[in-house]
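Asker: Have a look at this one before I ask anything.
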Amino acid sequence: MASWGERQKEALETLLIALAQDMRHGVFRLFVLIDRHEDTDLVGRDIARQALNAWREGESAPRPPHSDPHQSGRTV
């Protein structure tokens, strides 16, 4: 398997956290595949597992650290 740099890991984790905010069918399926993958060190596996557990418990998905709901600059 190719080696991942820290920037690629952070980018993938940011993407998965953003996807976790709206657990539609395709996202749910992706997270199940990540969670069930044989590679226990797979990047994003913890995020997928947290999102699935939150979904099962009816809770909110994990949010990125220092997340700002107004990142786009919009206030409305």
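Chain labels run A, B, ... following the order of the structure tokens; each chain numbers its residues from 1, and ligands are numbered from 1 in the order shown.
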With only C-alpha atoms counted and 10 Å as the cut-off, give the residues of range 15-34 of chain A in contact with range 41-45 of chain A, each with its shortest interatomic distance in Å and the pair that gives it, as JSON lines.

Answerer:
```
{"residue": "A:Leu15", "atom": "CA", "partner": "A:Gly44", "partner_atom": "CA", "distance": 9.4}
{"residue": "A:Leu16", "atom": "CA", "partner": "A:Gly44", "partner_atom": "CA", "distance": 7.0}
{"residue": "A:Ile17", "atom": "CA", "partner": "A:Gly44", "partner_atom": "CA", "distance": 8.9}
{"residue": "A:Phe31", "atom": "CA", "partner": "A:Arg45", "partner_atom": "CA", "distance": 8.0}
{"residue": "A:Val32", "atom": "CA", "partner": "A:Arg45", "partner_atom": "CA", "distance": 9.5}
{"residue": "A:Leu33", "atom": "CA", "partner": "A:Arg45", "partner_atom": "CA", "distance": 9.5}
{"residue": "A:Ile34", "atom": "CA", "partner": "A:Arg45", "partner_atom": "CA", "distance": 5.8}
```

Asker: Would you mind exporting N, CA and C atoms of the selected residues as a PDB file, in the first residue's frame?

Answerer:
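Written output follows (part-v1.pdb):
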```
ATOM      1  N   LEU A  15     -12.662  15.440   4.840  1.00  0.00           N
ATOM      2  CA  LEU A  15     -13.729  15.045   3.918  1.00  0.00           C
ATOM      3  C   LEU A  15     -14.716  14.091   4.588  1.00  0.00           C
ATOM      4  N   LEU A  16     -14.211  13.088   5.287  1.00  0.00           N
ATOM      5  CA  LEU A  16     -15.101  12.125   5.933  1.00  0.00           C
ATOM      6  C   LEU A  16     -15.936  12.774   7.037  1.00  0.00           C
ATOM      7  N   ILE A  17     -15.351  13.680   7.782  1.00  0.00           N
ATOM      8  CA  ILE A  17     -16.117  14.386   8.817  1.00  0.00           C
ATOM      9  C   ILE A  17     -17.221  15.218   8.175  1.00  0.00           C
ATOM     10  N   PHE A  31     -19.158   4.436   4.727  1.00  0.00           N
ATOM     11  CA  PHE A  31     -18.677   4.298   6.095  1.00  0.00           C
ATOM     12  C   PHE A  31     -18.733   2.849   6.566  1.00  0.00           C
ATOM     13  N   VAL A  32     -19.725   2.105   6.145  1.00  0.00           N
ATOM     14  CA  VAL A  32     -19.795   0.686   6.486  1.00  0.00           C
ATOM     15  C   VAL A  32     -18.617  -0.058   5.854  1.00  0.00           C
ATOM     16  N   LEU A  33     -18.312   0.248   4.594  1.00  0.00           N
ATOM     17  CA  LEU A  33     -17.180  -0.391   3.924  1.00  0.00           C
ATOM     18  C   LEU A  33     -15.860  -0.054   4.621  1.00  0.00           C
ATOM     19  N   ILE A  34     -15.690   1.207   4.996  1.00  0.00           N
ATOM     20  CA  ILE A  34     -14.473   1.620   5.707  1.00  0.00           C
ATOM     21  C   ILE A  34     -14.392   0.900   7.047  1.00  0.00           C
TER      22      ILE A  34
END
```

Asker: So what do you get for CA of Trp55 in chain A versus CA of Ala18 in chain A, distance-wise?

Answerer: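 Here the two named atoms are 14.5 Å from each other.
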
Asker: Name the closest residue to Arg29 in chain A among the candidates A:Asn53, A:Ala48, A:Ala11, A:Trp4; distances are taken between atoms, counting only C-alpha atoms.

Answerer: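 Closest candidate: A:Ala48.
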
Asker: Please identify all polymer residues within 12 Å of Leu30 in chain A, counting only C-alpha atoms, omitting same-chain residues fewer than 3 positions from it, and present them as number ranges by chain.

Answerer: A: 16, 19-20, 23-27, 33-37, 44-45, 47-49, 51-52

Asker: Next, dump the selected residues to file, keeping only C-alpha atoms, as a compact mmCIF listing (two decimals), in the first residue's frame.

Answerer:
```
# COMPACT_ATOMS: atom_id res chain seq x y z
CA LEU A 16 -15.10 12.13 5.93
CA LEU A 19 -19.68 13.66 4.77
CA ALA A 20 -20.69 12.39 8.20
CA MET A 23 -25.60 10.30 6.42
CA ARG A 24 -27.34 9.59 3.14
CA HIS A 25 -27.39 6.12 1.62
CA GLY A 26 -24.11 6.44 -0.31
CA VAL A 27 -22.25 7.95 2.63
CA LEU A 33 -17.18 -0.39 3.92
CA ILE A 34 -14.47 1.62 5.71
CA ASP A 35 -15.52 0.22 9.09
CA ARG A 36 -15.46 -3.37 7.82
CA HIS A 37 -12.19 -3.06 5.89
CA GLY A 44 -10.58 7.48 8.50
CA ARG A 45 -11.69 4.23 10.08
CA ILE A 47 -14.25 8.64 11.91
CA ALA A 48 -16.42 6.15 10.03
CA ARG A 49 -16.94 4.11 13.18
CA ALA A 51 -20.32 8.36 12.56
CA LEU A 52 -21.95 4.93 12.38
```
